[in-house]
file model23.json (JSON, N, CA and C atoms)
[["chain", "number", "residue", "atom", "x", "y", "z"],
["A", 1, "ARG", "N", 10.28, -5.77, 19.62],
["A", 1, "ARG", "CA", 9.66, -5.58, 18.33],
["A", 1, "ARG", "C", 8.24, -5.11, 18.52],
["A", 2, "LEU", "N", 7.84, -4.22, 17.67],
["A", 2, "LEU", "CA", 6.57, -3.52, 17.84],
["A", 2, "LEU", "C", 5.35, -4.44, 17.88],
["A", 3, "PHE", "N", 5.23, -5.36, 16.95],
["A", 3, "PHE", "CA", 4.04, -6.21, 16.88],
["A", 3, "PHE", "C", 4.37, -7.68, 17.09],
["A", 4, "GLU", "N", 5.31, -7.96, 17.94],
["A", 4, "GLU", "CA", 5.74, -9.33, 18.21],
["A", 4, "GLU", "C", 4.55, -10.22, 18.57],
["A", 5, "GLY", "N", 4.25, -11.18, 17.70],
["A", 5, "GLY", "CA", 3.22, -12.15, 17.99],
["A", 5, "GLY", "C", 1.79, -11.69, 17.78],
["A", 6, "ALA", "N", 1.58, -10.42, 17.48],
["A", 6, "ALA", "CA", 0.22, -9.91, 17.28],
["A", 6, "ALA", "C", -0.02, -9.68, 15.79],
["A", 7, "PRO", "N", -1.07, -10.28, 15.23],
["A", 7, "PRO", "CA", -1.33, -10.07, 13.80],
["A", 7, "PRO", "C", -1.85, -8.66, 13.54],
["A", 8, "VAL", "N", -1.38, -8.06, 12.47],
["A", 8, "VAL", "CA", -1.80, -6.72, 12.09],
["A", 8, "VAL", "C", -2.74, -6.85, 10.90],
["A", 9, "GLY", "N", -3.90, -6.22, 10.98],
["A", 9, "GLY", "CA", -4.88, -6.32, 9.91],
["A", 9, "GLY", "C", -4.75, -5.26, 8.84],
["A", 10, "ALA", "N", -4.23, -4.09, 9.21],
["A", 10, "ALA", "CA", -4.14, -3.00, 8.23],
["A", 10, "ALA", "C", -3.03, -2.03, 8.58],
["A", 11, "VAL", "N", -2.48, -1.44, 7.55],
["A", 11, "VAL", "CA", -1.54, -0.33, 7.68],
["A", 11, "VAL", "C", -2.16, 0.83, 6.92],
["A", 12, "VAL", "N", -2.20, 2.01, 7.52],
["A", 12, "VAL", "CA", -2.71, 3.20, 6.86],
["A", 12, "VAL", "C", -1.53, 4.15, 6.68],
["A", 13, "SER", "N", -1.31, 4.57, 5.43],
["A", 13, "SER", "CA", -0.13, 5.36, 5.11],
["A", 13, "SER", "C", -0.49, 6.62, 4.34],
["A", 14, "GLY", "N", 0.20, 7.68, 4.68],
["A", 14, "GLY", "CA", 0.12, 8.92, 3.93],
["A", 14, "GLY", "C", 1.49, 9.32, 3.41],
["A", 15, "LEU", "N", 2.40, 8.34, 3.36],
["A", 15, "LEU", "CA", 3.75, 8.61, 2.88],
["A", 15, "LEU", "C", 3.73, 9.06, 1.42],
["A", 16, "GLY", "N", 4.67, 9.88, 1.04],
["A", 16, "GLY", "CA", 4.78, 10.38, -0.34],
["A", 16, "GLY", "C", 5.42, 9.36, -1.27],
["A", 17, "LEU", "N", 4.76, 8.23, -1.46],
["A", 17, "LEU", "CA", 5.34, 7.16, -2.27],
["A", 17, "LEU", "C", 5.58, 7.58, -3.72],
["A", 18, "LEU", "N", 4.78, 8.50, -4.24],
["A", 18, "LEU", "CA", 4.94, 8.93, -5.63],
["A", 18, "LEU", "C", 6.30, 9.55, -5.91],
["A", 19, "ILE", "N", 6.90, 10.17, -4.91],
["A", 19, "ILE", "CA", 8.18, 10.84, -5.14],
["A", 19, "ILE", "C", 9.37, 10.01, -4.68],
["A", 20, "MET", "N", 9.11, 8.82, -4.18],
["A", 20, "MET", "CA", 10.19, 7.95, -3.71],
["A", 20, "MET", "C", 10.69, 7.05, -4.83],
["A", 21, "PRO", "N", 11.98, 6.70, -4.78],
["A", 21, "PRO", "CA", 12.50, 5.73, -5.76],
["A", 21, "PRO", "C", 11.82, 4.37, -5.57],
["A", 22, "PRO", "N", 11.66, 3.61, -6.65],
["A", 22, "PRO", "CA", 11.01, 2.30, -6.56],
["A", 22, "PRO", "C", 11.63, 1.38, -5.51],
["A", 23, "GLU", "N", 12.93, 1.45, -5.32],
["A", 23, "GLU", "CA", 13.59, 0.60, -4.33],
["A", 23, "GLU", "C", 13.11, 0.90, -2.92],
["A", 24, "LYS", "N", 12.90, 2.18, -2.63],
["A", 24, "LYS", "CA", 12.41, 2.59, -1.31],
["A", 24, "LYS", "C", 10.97, 2.14, -1.11],
["A", 25, "VAL", "N", 10.14, 2.29, -2.14],
["A", 25, "VAL", "CA", 8.74, 1.85, -2.06],
["A", 25, "VAL", "C", 8.69, 0.34, -1.83],
["A", 26, "THR", "N", 9.53, -0.39, -2.55],
["A", 26, "THR", "CA", 9.60, -1.85, -2.39],
["A", 26, "THR", "C", 9.97, -2.21, -0.96],
["A", 27, "THR", "N", 10.95, -1.54, -0.40],
["A", 27, "THR", "CA", 11.39, -1.81, 0.97],
["A", 27, "THR", "C", 10.27, -1.54, 1.97],
["A", 28, "ILE", "N", 9.56, -0.43, 1.80],
["A", 28, "ILE", "CA", 8.47, -0.06, 2.71],
["A", 28, "ILE", "C", 7.36, -1.10, 2.66],
["A", 29, "LEU", "N", 6.92, -1.45, 1.45],
["A", 29, "LEU", "CA", 5.83, -2.41, 1.32],
["A", 29, "LEU", "C", 6.23, -3.80, 1.80],
["A", 30, "ASP", "N", 7.43, -4.22, 1.46],
["A", 30, "ASP", "CA", 7.91, -5.53, 1.90],
["A", 30, "ASP", "C", 7.91, -5.61, 3.43],
["A", 31, "ALA", "N", 8.39, -4.56, 4.08],
["A", 31, "ALA", "CA", 8.42, -4.54, 5.54],
["A", 31, "ALA", "C", 7.01, -4.54, 6.12],
["A", 32, "ALA", "N", 6.12, -3.76, 5.54],
["A", 32, "ALA", "CA", 4.74, -3.70, 6.05],
["A", 32, "ALA", "C", 4.06, -5.06, 5.93],
["A", 33, "PHE", "N", 4.23, -5.73, 4.80],
["A", 33, "PHE", "CA", 3.55, -7.01, 4.60],
["A", 33, "PHE", "C", 4.15, -8.13, 5.43],
["A", 34, "ARG", "N", 5.33, -7.94, 5.97],
["A", 34, "ARG", "CA", 5.89, -8.93, 6.91],
["A", 34, "ARG", "C", 5.08, -8.97, 8.21],
["A", 35, "TYR", "N", 4.46, -7.85, 8.56],
["A", 35, "TYR", "CA", 3.67, -7.76, 9.79],
["A", 35, "TYR", "C", 2.18, -7.99, 9.58],
["A", 36, "LEU", "N", 1.73, -7.89, 8.34],
["A", 36, "LEU", "CA", 0.31, -8.02, 8.06],
["A", 36, "LEU", "C", -0.13, -9.48, 8.01],
["A", 37, "ARG", "N", -1.35, -9.72, 8.49],
["A", 37, "ARG", "CA", -1.95, -11.04, 8.33],
["A", 37, "ARG", "C", -2.05, -11.36, 6.84],
["A", 38, "ALA", "N", -2.29, -12.62, 6.52],
["A", 38, "ALA", "CA", -2.40, -13.03, 5.12],
["A", 38, "ALA", "C", -3.47, -12.23, 4.38],
["A", 39, "ASP", "N", -4.56, -11.90, 5.07],
["A", 39, "ASP", "CA", -5.65, -11.15, 4.44],
["A", 39, "ASP", "C", -5.59, -9.65, 4.76],
["A", 40, "GLY", "N", -4.47, -9.19, 5.31],
["A", 40, "GLY", "CA", -4.32, -7.79, 5.66],
["A", 40, "GLY", "C", -4.11, -6.91, 4.45],
["A", 41, "ALA", "N", -4.22, -5.60, 4.65],
["A", 41, "ALA", "CA", -4.08, -4.66, 3.54],
["A", 41, "ALA", "C", -3.32, -3.41, 3.97],
["A", 42, "PHE", "N", -2.70, -2.79, 2.99],
["A", 42, "PHE", "CA", -1.97, -1.54, 3.14],
["A", 42, "PHE", "C", -2.82, -0.48, 2.44],
["A", 43, "TYR", "N", -3.30, 0.50, 3.19],
["A", 43, "TYR", "CA", -4.13, 1.57, 2.64],
["A", 43, "TYR", "C", -3.28, 2.81, 2.46],
["A", 44, "GLN", "N", -3.23, 3.30, 1.23],
["A", 44, "GLN", "CA", -2.39, 4.44, 0.90],
["A", 44, "GLN", "C", -3.24, 5.61, 0.44],
["A", 45, "ILE", "N", -3.10, 6.73, 1.15],
["A", 45, "ILE", "CA", -3.75, 7.98, 0.76],
["A", 45, "ILE", "C", -2.79, 8.71, -0.16],
["A", 46, "THR", "N", -3.29, 9.18, -1.29],
["A", 46, "THR", "CA", -2.41, 9.84, -2.25],
["A", 46, "THR", "C", -3.12, 11.03, -2.89],
["A", 47, "TYR", "N", -2.34, 11.96, -3.38],
["A", 47, "TYR", "CA", -2.87, 13.14, -4.06],
["A", 47, "TYR", "C", -2.49, 13.12, -5.53],
["A", 48, "GLY", "N", -2.01, 11.99, -6.01],
["A", 48, "GLY", "CA", -1.67, 11.83, -7.42],
["A", 48, "GLY", "C", -2.87, 11.33, -8.20],
["A", 49, "LEU", "N", -2.73, 11.31, -9.51],
["A", 49, "LEU", "CA", -3.81, 10.88, -10.39],
["A", 49, "LEU", "C", -3.77, 9.38, -10.69],
["A", 50, "ARG", "N", -2.78, 8.69, -10.14],
["A", 50, "ARG", "CA", -2.62, 7.26, -10.39],
["A", 50, "ARG", "C", -2.19, 6.58, -9.10],
["A", 51, "CYS", "N", -2.16, 5.26, -9.15],
["A", 51, "CYS", "CA", -1.70, 4.51, -7.98],
["A", 51, "CYS", "C", -0.26, 4.90, -7.68],
["A", 52, "PRO", "N", 0.08, 5.16, -6.42],
["A", 52, "PRO", "CA", 1.43, 5.58, -6.08],
["A", 52, "PRO", "C", 2.46, 4.45, -6.09],
["A", 53, "VAL", "N", 2.01, 3.22, -6.33],
["A", 53, "VAL", "CA", 2.93, 2.08, -6.40],
["A", 53, "VAL", "C", 2.91, 1.57, -7.84],
["A", 54, "SER", "N", 4.08, 1.52, -8.45],
["A", 54, "SER", "CA", 4.16, 1.12, -9.86],
["A", 54, "SER", "C", 3.78, -0.35, -10.05],
["A", 55, "ASP", "N", 3.37, -0.68, -11.26],
["A", 55, "ASP", "CA", 3.06, -2.07, -11.59],
["A", 55, "ASP", "C", 4.28, -2.97, -11.37],
["A", 56, "ALA", "N", 5.46, -2.45, -11.66],
["A", 56, "ALA", "CA", 6.68, -3.25, -11.48],
["A", 56, "ALA", "C", 6.88, -3.63, -10.02],
["A", 57, "VAL", "N", 6.66, -2.70, -9.10],
["A", 57, "VAL", "CA", 6.80, -2.98, -7.67],
["A", 57, "VAL", "C", 5.71, -3.94, -7.22],
["A", 58, "LEU", "N", 4.48, -3.71, -7.66],
["A", 58, "LEU", "CA", 3.39, -4.62, -7.31],
["A", 58, "LEU", "C", 3.69, -6.04, -7.78],
["A", 59, "ASP", "N", 4.16, -6.17, -9.01],
["A", 59, "ASP", "CA", 4.50, -7.49, -9.56],
["A", 59, "ASP", "C", 5.63, -8.15, -8.77],
["A", 60, "ARG", "N", 6.65, -7.38, -8.46],
["A", 60, "ARG", "CA", 7.81, -7.92, -7.73],
["A", 60, "ARG", "C", 7.40, -8.50, -6.38],
["A", 61, "LEU", "N", 6.44, -7.86, -5.72],
["A", 61, "LEU", "CA", 6.01, -8.29, -4.39],
["A", 61, "LEU", "C", 4.74, -9.14, -4.42],
["A", 62, "ASP", "N", 4.24, -9.45, -5.61],
["A", 62, "ASP", "CA", 3.01, -10.23, -5.80],
["A", 62, "ASP", "C", 1.83, -9.58, -5.09],
["A", 63, "LEU", "N", 1.68, -8.27, -5.33],
["A", 63, "LEU", "CA", 0.61, -7.48, -4.72],
["A", 63, "LEU", "C", -0.32, -6.95, -5.80],
["A", 64, "GLN", "N", -1.49, -6.51, -5.36],
["A", 64, "GLN", "CA", -2.45, -5.87, -6.25],
["A", 64, "GLN", "C", -2.95, -4.59, -5.59],
["A", 65, "ALA", "N", -3.36, -3.64, -6.41],
["A", 65, "ALA", "CA", -3.86, -2.37, -5.88],
["A", 65, "ALA", "C", -5.20, -2.04, -6.52],
["A", 66, "SER", "N", -6.08, -1.48, -5.71],
["A", 66, "SER", "CA", -7.36, -1.00, -6.25],
["A", 66, "SER", "C", -7.72, 0.30, -5.56],
["A", 67, "CYS", "N", -8.26, 1.22, -6.34],
["A", 67, "CYS", "CA", -8.71, 2.50, -5.79],
["A", 67, "CYS", "C", -10.05, 2.25, -5.11],
["A", 68, "ILE", "N", -10.13, 2.58, -3.84],
["A", 68, "ILE", "CA", -11.36, 2.33, -3.09],
["A", 68, "ILE", "C", -12.12, 3.60, -2.75],
["A", 69, "GLY", "N", -11.54, 4.75, -3.10],
["A", 69, "GLY", "CA", -12.24, 6.00, -2.82],
["A", 69, "GLY", "C", -11.51, 7.20, -3.39],
["A", 70, "GLN", "N", -12.28, 8.20, -3.78],
["A", 70, "GLN", "CA", -11.72, 9.44, -4.31],
["A", 70, "GLN", "C", -12.59, 10.61, -3.88],
["A", 71, "THR", "N", -11.97, 11.75, -3.77],
["A", 71, "THR", "CA", -12.73, 12.99, -3.59],
["A", 71, "THR", "C", -12.12, 14.04, -4.49],
["A", 72, "PHE", "N", -12.96, 14.67, -5.28],
["A", 72, "PHE", "CA", -12.49, 15.72, -6.17],
["A", 72, "PHE", "C", -12.76, 17.10, -5.58],
["A", 73, "ARG", "N", -13.42, 17.13, -4.41],
["A", 73, "ARG", "CA", -13.67, 18.40, -3.73],
["A", 73, "ARG", "C", -12.44, 18.87, -2.97],
["A", 74, "ASN", "N", -11.49, 17.98, -2.78],
["A", 74, "ASN", "CA", -10.23, 18.32, -2.13],
["A", 74, "ASN", "C", -9.29, 18.91, -3.17],
["A", 75, "LEU", "N", -8.47, 19.86, -2.79],
["A", 75, "LEU", "CA", -7.44, 20.39, -3.68],
["A", 75, "LEU", "C", -6.08, 20.16, -3.07],
["A", 76, "PRO", "N", -5.25, 19.33, -3.67],
["A", 76, "PRO", "CA", -5.53, 18.54, -4.87],
["A", 76, "PRO", "C", -6.46, 17.37, -4.55],
["A", 77, "PRO", "N", -7.10, 16.80, -5.59],
["A", 77, "PRO", "CA", -7.97, 15.65, -5.37],
["A", 77, "PRO", "C", -7.23, 14.52, -4.66],
["A", 78, "ALA", "N", -7.93, 13.80, -3.81],
["A", 78, "ALA", "CA", -7.30, 12.72, -3.03],
["A", 78, "ALA", "C", -7.93, 11.38, -3.39],
["A", 79, "SER", "N", -7.11, 10.34, -3.28],
["A", 79, "SER", "CA", -7.58, 8.97, -3.52],
["A", 79, "SER", "C", -7.03, 8.07, -2.43],
["A", 80, "VAL", "N", -7.73, 6.96, -2.21],
["A", 80, "VAL", "CA", -7.25, 5.93, -1.29],
["A", 80, "VAL", "C", -7.15, 4.63, -2.07],
["A", 81, "TYR", "N", -5.98, 4.01, -1.97],
["A", 81, "TYR", "CA", -5.74, 2.72, -2.62],
["A", 81, "TYR", "C", -5.59, 1.64, -1.57],
["A", 82, "ARG", "N", -6.18, 0.50, -1.88],
["A", 82, "ARG", "CA", -6.02, -0.69, -1.05],
["A", 82, "ARG", "C", -5.03, -1.60, -1.76],
["A", 83, "ILE", "N", -3.92, -1.89, -1.09],
["A", 83, "ILE", "CA", -2.89, -2.76, -1.64],
["A", 83, "ILE", "C", -2.90, -4.04, -0.82],
["A", 84, "SER", "N", -3.03, -5.15, -1.51],
["A", 84, "SER", "CA", -3.14, -6.44, -0.83],
["A", 84, "SER", "C", -2.39, -7.52, -1.60],
["A", 85, "ARG", "N", -2.23, -8.66, -0.95],
["A", 85, "ARG", "CA", -1.59, -9.79, -1.60],
["A", 85, "ARG", "C", -2.50, -10.33, -2.70],
["A", 86, "ARG", "N", -1.91, -10.74, -3.80],
["A", 86, "ARG", "CA", -2.71, -11.34, -4.89],
["A", 86, "ARG", "C", -3.28, -12.69, -4.49],
["A", 87, "HIS", "N", -2.52, -13.43, -3.72],
["A", 87, "HIS", "CA", -2.92, -14.77, -3.28],
["A", 87, "HIS", "C", -2.80, -14.83, -1.76],
["A", 88, "PRO", "N", -3.79, -14.30, -1.03],
["A", 88, "PRO", "CA", -3.65, -14.15, 0.42],
["A", 88, "PRO", "C", -3.51, -15.45, 1.20],
["A", 89, "HIS", "N", -3.91, -16.56, 0.64],
["A", 89, "HIS", "CA", -3.83, -17.81, 1.40],
["A", 89, "HIS", "C", -2.89, -18.81, 0.75],
["A", 90, "ALA", "N", -2.04, -18.34, -0.15],
["A", 90, "ALA", "CA", -1.11, -19.25, -0.83],
["A", 90, "ALA", "C", 0.12, -19.47, 0.02]]
call {"tool": "encode", "arguments": {"input": "model23.json", "output": "C-alpha cells"}}
result
Amino acid sequence: RLFEGAPVGAVVSGLGLLIMPPEKVTTILDAAFRYLRADGAFYQITYGLRCPVSDAVLDRLDLQASCIGQTFRNLPPASVYRISRRHPHA
C-alpha cells in the first residue's frame, strides 16, 4: 500500500471533478480522506466558476470547501479550493 503507516497531510488534485458523476467524485474524495490525517486537506485546482464538489457530496462526506485562491489572468480563470473535514478531531 502506498502510504502504509505514514500520515498524509495534503492531496493536490487537478482532476476534472466538474464533469464527473457525483458517485465518482464521492468515491475519489472518500478514498483520499482515508489516507489524510485528521487535519489534512484535499486541494483542488479547477477552471469552473464554482466549487467542483457539490454541496450534496460535501454533506454526505461531512466535508467543507473554501476557495483559497483565484486568478483571472488565466484563460479560463483558475481557482483553488481547500476541501477539509468539518470536524477534524471528532
call {"tool": "residues_around", "arguments": {"input": "model23.json", "residues": "segment 71-87 of chain A", "least_positions_apart": "2", "cutoff": "6.5 Å", "atoms": "all atoms listed in the file", "output": "short mmCIF file (atom, residue, chain, number, x, y, z; two decimals) with N, CA and C atoms, in the frame of the given file"}}
result
data_model
loop_
_atom_site.label_atom_id
_atom_site.label_comp_id
_atom_site.auth_asym_id
_atom_site.auth_seq_id
_atom_site.Cartn_x
_atom_site.Cartn_y
_atom_site.Cartn_z
N GLY A 40 -4.47 -9.19 5.31
CA GLY A 40 -4.32 -7.79 5.66
C GLY A 40 -4.11 -6.91 4.45
N ALA A 41 -4.22 -5.60 4.65
CA ALA A 41 -4.08 -4.66 3.54
C ALA A 41 -3.32 -3.41 3.97
N PHE A 42 -2.70 -2.79 2.99
CA PHE A 42 -1.97 -1.54 3.14
C PHE A 42 -2.82 -0.48 2.44
N TYR A 43 -3.30 0.50 3.19
CA TYR A 43 -4.13 1.57 2.64
C TYR A 43 -3.28 2.81 2.46
N GLN A 44 -3.23 3.30 1.23
CA GLN A 44 -2.39 4.44 0.90
C GLN A 44 -3.24 5.61 0.44
N ILE A 45 -3.10 6.73 1.15
CA ILE A 45 -3.75 7.98 0.76
C ILE A 45 -2.79 8.71 -0.16
N THR A 46 -3.29 9.18 -1.29
CA THR A 46 -2.41 9.84 -2.25
C THR A 46 -3.12 11.03 -2.89
N TYR A 47 -2.34 11.96 -3.38
CA TYR A 47 -2.87 13.14 -4.06
C TYR A 47 -2.49 13.12 -5.53
N GLY A 48 -2.01 11.99 -6.01
CA GLY A 48 -1.67 11.83 -7.42
C GLY A 48 -2.87 11.33 -8.20
N ASP A 62 4.24 -9.45 -5.61
CA ASP A 62 3.01 -10.23 -5.80
C ASP A 62 1.83 -9.58 -5.09
N LEU A 63 1.68 -8.27 -5.33
CA LEU A 63 0.61 -7.48 -4.72
C LEU A 63 -0.32 -6.95 -5.80
N GLN A 64 -1.49 -6.51 -5.36
CA GLN A 64 -2.45 -5.87 -6.25
C GLN A 64 -2.95 -4.59 -5.59
N ALA A 65 -3.36 -3.64 -6.41
CA ALA A 65 -3.86 -2.37 -5.88
C ALA A 65 -5.20 -2.04 -6.52
N SER A 66 -6.08 -1.48 -5.71
CA SER A 66 -7.36 -1.00 -6.25
C SER A 66 -7.72 0.30 -5.56
N CYS A 67 -8.26 1.22 -6.34
CA CYS A 67 -8.71 2.50 -5.79
C CYS A 67 -10.05 2.25 -5.11
N ILE A 68 -10.13 2.58 -3.84
CA ILE A 68 -11.36 2.33 -3.09
C ILE A 68 -12.12 3.60 -2.75
N GLY A 69 -11.54 4.75 -3.10
CA GLY A 69 -12.24 6.00 -2.82
C GLY A 69 -11.51 7.20 -3.39
N HIS A 89 -3.91 -16.56 0.64
CA HIS A 89 -3.83 -17.81 1.40
C HIS A 89 -2.89 -18.81 0.75
N ALA A 90 -2.04 -18.34 -0.15
CA ALA A 90 -1.11 -19.25 -0.83
C ALA A 90 0.12 -19.47 0.02
#
call {"tool": "residues_around", "arguments": {"input": "model23.json", "residues": "segment 52-60 of chain A", "least_positions_apart": "5", "cutoff": "6.5 Å", "atoms": "only N, CA and C atoms", "output": "MDAnalysis selection string"}}
result
chainID A and resid 17:18 26
call {"tool": "atom_distance", "arguments": {"input": "model23.json", "atom1": "atom C of Gly9 of chain A", "atom2": "atom C of Ala38 of chain A"}}
result
8.4 Å
call {"tool": "select_by_dssp", "arguments": {"input": "model23.json", "residues": "segment 17-71 of chain A", "states": "alpha helix (DSSP H)", "output": "compact mmCIF listing (two decimals) with N, CA and C atoms, keeping the file's coordinate frame"}}
result
# COMPACT_ATOMS: atom_id res chain seq x y z
N PRO A 22 11.66 3.61 -6.65
CA PRO A 22 11.01 2.30 -6.56
C PRO A 22 11.63 1.38 -5.51
N GLU A 23 12.93 1.45 -5.32
CA GLU A 23 13.59 0.60 -4.33
C GLU A 23 13.11 0.90 -2.92
N LYS A 24 12.90 2.18 -2.63
CA LYS A 24 12.41 2.59 -1.31
C LYS A 24 10.97 2.14 -1.11
N VAL A 25 10.14 2.29 -2.14
CA VAL A 25 8.74 1.85 -2.06
C VAL A 25 8.69 0.34 -1.83
N THR A 26 9.53 -0.39 -2.55
CA THR A 26 9.60 -1.85 -2.39
C THR A 26 9.97 -2.21 -0.96
N THR A 27 10.95 -1.54 -0.40
CA THR A 27 11.39 -1.81 0.97
C THR A 27 10.27 -1.54 1.97
N ILE A 28 9.56 -0.43 1.80
CA ILE A 28 8.47 -0.06 2.71
C ILE A 28 7.36 -1.10 2.66
N LEU A 29 6.92 -1.45 1.45
CA LEU A 29 5.83 -2.41 1.32
C LEU A 29 6.23 -3.80 1.80
N ASP A 30 7.43 -4.22 1.46
CA ASP A 30 7.91 -5.53 1.90
C ASP A 30 7.91 -5.61 3.43
N ALA A 31 8.39 -4.56 4.08
CA ALA A 31 8.42 -4.54 5.54
C ALA A 31 7.01 -4.54 6.12
N ALA A 32 6.12 -3.76 5.54
CA ALA A 32 4.74 -3.70 6.05
C ALA A 32 4.06 -5.06 5.93
N PHE A 33 4.23 -5.73 4.80
CA PHE A 33 3.55 -7.01 4.60
C PHE A 33 4.15 -8.13 5.43
N ARG A 34 5.33 -7.94 5.97
CA ARG A 34 5.89 -8.93 6.91
C ARG A 34 5.08 -8.97 8.21
N TYR A 35 4.46 -7.85 8.56
CA TYR A 35 3.67 -7.76 9.79
C TYR A 35 2.18 -7.99 9.58
N ASP A 55 3.37 -0.68 -11.26
CA ASP A 55 3.06 -2.07 -11.59
C ASP A 55 4.28 -2.97 -11.37
N ALA A 56 5.46 -2.45 -11.66
CA ALA A 56 6.68 -3.25 -11.48
C ALA A 56 6.88 -3.63 -10.02
N VAL A 57 6.66 -2.70 -9.10
CA VAL A 57 6.80 -2.98 -7.67
C VAL A 57 5.71 -3.94 -7.22
N LEU A 58 4.48 -3.71 -7.66
CA LEU A 58 3.39 -4.62 -7.31
C LEU A 58 3.69 -6.04 -7.78
N ASP A 59 4.16 -6.17 -9.01
CA ASP A 59 4.50 -7.49 -9.56
C ASP A 59 5.63 -8.15 -8.77
N ARG A 60 6.65 -7.38 -8.46
CA ARG A 60 7.81 -7.92 -7.73
C ARG A 60 7.40 -8.50 -6.38
call {"tool": "atom_distance", "arguments": {"input": "model23.json", "atom1": "atom C of Arg37 of chain A", "atom2": "atom C of Glu4 of chain A"}}
result
13.5 Å
call {"tool": "atom_distance", "arguments": {"input": "model23.json", "atom1": "atom C of Ile28 of chain A", "atom2": "atom CA of Cys51 of chain A"}}
result
15.1 Å
call {"tool": "select_by_dssp", "arguments": {"input": "model23.json", "residues": "chain A", "states": "strand (DSSP E)", "output": "ChimeraX atom specification"}}
result
/A:8-13,36-46,63-71,78-85
call {"tool": "write_last_selection", "arguments": {"input": "model23.json", "atoms": "N, CA and C atoms", "output": "short mmCIF file (atom, residue, chain, number, x, y, z; two decimals), in the frame of the given file"}}
result
data_model
loop_
_atom_site.label_atom_id
_atom_site.label_comp_id
_atom_site.auth_asym_id
_atom_site.auth_seq_id
_atom_site.Cartn_x
_atom_site.Cartn_y
_atom_site.Cartn_z
N VAL A 8 -1.38 -8.06 12.47
CA VAL A 8 -1.80 -6.72 12.09
C VAL A 8 -2.74 -6.85 10.90
N GLY A 9 -3.90 -6.22 10.98
CA GLY A 9 -4.88 -6.32 9.91
C GLY A 9 -4.75 -5.26 8.84
N ALA A 10 -4.23 -4.09 9.21
CA ALA A 10 -4.14 -3.00 8.23
C ALA A 10 -3.03 -2.03 8.58
N VAL A 11 -2.48 -1.44 7.55
CA VAL A 11 -1.54 -0.33 7.68
C VAL A 11 -2.16 0.83 6.92
N VAL A 12 -2.20 2.01 7.52
CA VAL A 12 -2.71 3.20 6.86
C VAL A 12 -1.53 4.15 6.68
N SER A 13 -1.31 4.57 5.43
CA SER A 13 -0.13 5.36 5.11
C SER A 13 -0.49 6.62 4.34
N LEU A 36 1.73 -7.89 8.34
CA LEU A 36 0.31 -8.02 8.06
C LEU A 36 -0.13 -9.48 8.01
N ARG A 37 -1.35 -9.72 8.49
CA ARG A 37 -1.95 -11.04 8.33
C ARG A 37 -2.05 -11.36 6.84
N ALA A 38 -2.29 -12.62 6.52
CA ALA A 38 -2.40 -13.03 5.12
C ALA A 38 -3.47 -12.23 4.38
N ASP A 39 -4.56 -11.90 5.07
CA ASP A 39 -5.65 -11.15 4.44
C ASP A 39 -5.59 -9.65 4.76
N GLY A 40 -4.47 -9.19 5.31
CA GLY A 40 -4.32 -7.79 5.66
C GLY A 40 -4.11 -6.91 4.45
N ALA A 41 -4.22 -5.60 4.65
CA ALA A 41 -4.08 -4.66 3.54
C ALA A 41 -3.32 -3.41 3.97
N PHE A 42 -2.70 -2.79 2.99
CA PHE A 42 -1.97 -1.54 3.14
C PHE A 42 -2.82 -0.48 2.44
N TYR A 43 -3.30 0.50 3.19
CA TYR A 43 -4.13 1.57 2.64
C TYR A 43 -3.28 2.81 2.46
N GLN A 44 -3.23 3.30 1.23
CA GLN A 44 -2.39 4.44 0.90
C GLN A 44 -3.24 5.61 0.44
N ILE A 45 -3.10 6.73 1.15
CA ILE A 45 -3.75 7.98 0.76
C ILE A 45 -2.79 8.71 -0.16
N THR A 46 -3.29 9.18 -1.29
CA THR A 46 -2.41 9.84 -2.25
C THR A 46 -3.12 11.03 -2.89
N LEU A 63 1.68 -8.27 -5.33
CA LEU A 63 0.61 -7.48 -4.72
C LEU A 63 -0.32 -6.95 -5.80
N GLN A 64 -1.49 -6.51 -5.36
CA GLN A 64 -2.45 -5.87 -6.25
C GLN A 64 -2.95 -4.59 -5.59
N ALA A 65 -3.36 -3.64 -6.41
CA ALA A 65 -3.86 -2.37 -5.88
C ALA A 65 -5.20 -2.04 -6.52
N SER A 66 -6.08 -1.48 -5.71
CA SER A 66 -7.36 -1.00 -6.25
C SER A 66 -7.72 0.30 -5.56
N CYS A 67 -8.26 1.22 -6.34
CA CYS A 67 -8.71 2.50 -5.79
C CYS A 67 -10.05 2.25 -5.11
N ILE A 68 -10.13 2.58 -3.84
CA ILE A 68 -11.36 2.33 -3.09
C ILE A 68 -12.12 3.60 -2.75
N GLY A 69 -11.54 4.75 -3.10
CA GLY A 69 -12.24 6.00 -2.82
C GLY A 69 -11.51 7.20 -3.39
N GLN A 70 -12.28 8.20 -3.78
CA GLN A 70 -11.72 9.44 -4.31
C GLN A 70 -12.59 10.61 -3.88
N THR A 71 -11.97 11.75 -3.77
CA THR A 71 -12.73 12.99 -3.59
C THR A 71 -12.12 14.04 -4.49
N ALA A 78 -7.93 13.80 -3.81
CA ALA A 78 -7.30 12.72 -3.03
C ALA A 78 -7.93 11.38 -3.39
N SER A 79 -7.11 10.34 -3.28
CA SER A 79 -7.58 8.97 -3.52
C SER A 79 -7.03 8.07 -2.43
N VAL A 80 -7.73 6.96 -2.21
CA VAL A 80 -7.25 5.93 -1.29
C VAL A 80 -7.15 4.63 -2.07
N TYR A 81 -5.98 4.01 -1.97
CA TYR A 81 -5.74 2.72 -2.62
C TYR A 81 -5.59 1.64 -1.57
N ARG A 82 -6.18 0.50 -1.88
CA ARG A 82 -6.02 -0.69 -1.05
C ARG A 82 -5.03 -1.60 -1.76
N ILE A 83 -3.92 -1.89 -1.09
CA ILE A 83 -2.89 -2.76 -1.64
C ILE A 83 -2.90 -4.04 -0.82
N SER A 84 -3.03 -5.15 -1.51
CA SER A 84 -3.14 -6.44 -0.83
C SER A 84 -2.39 -7.52 -1.60
N ARG A 85 -2.23 -8.66 -0.95
CA ARG A 85 -1.59 -9.79 -1.60
C ARG A 85 -2.50 -10.33 -2.70
#
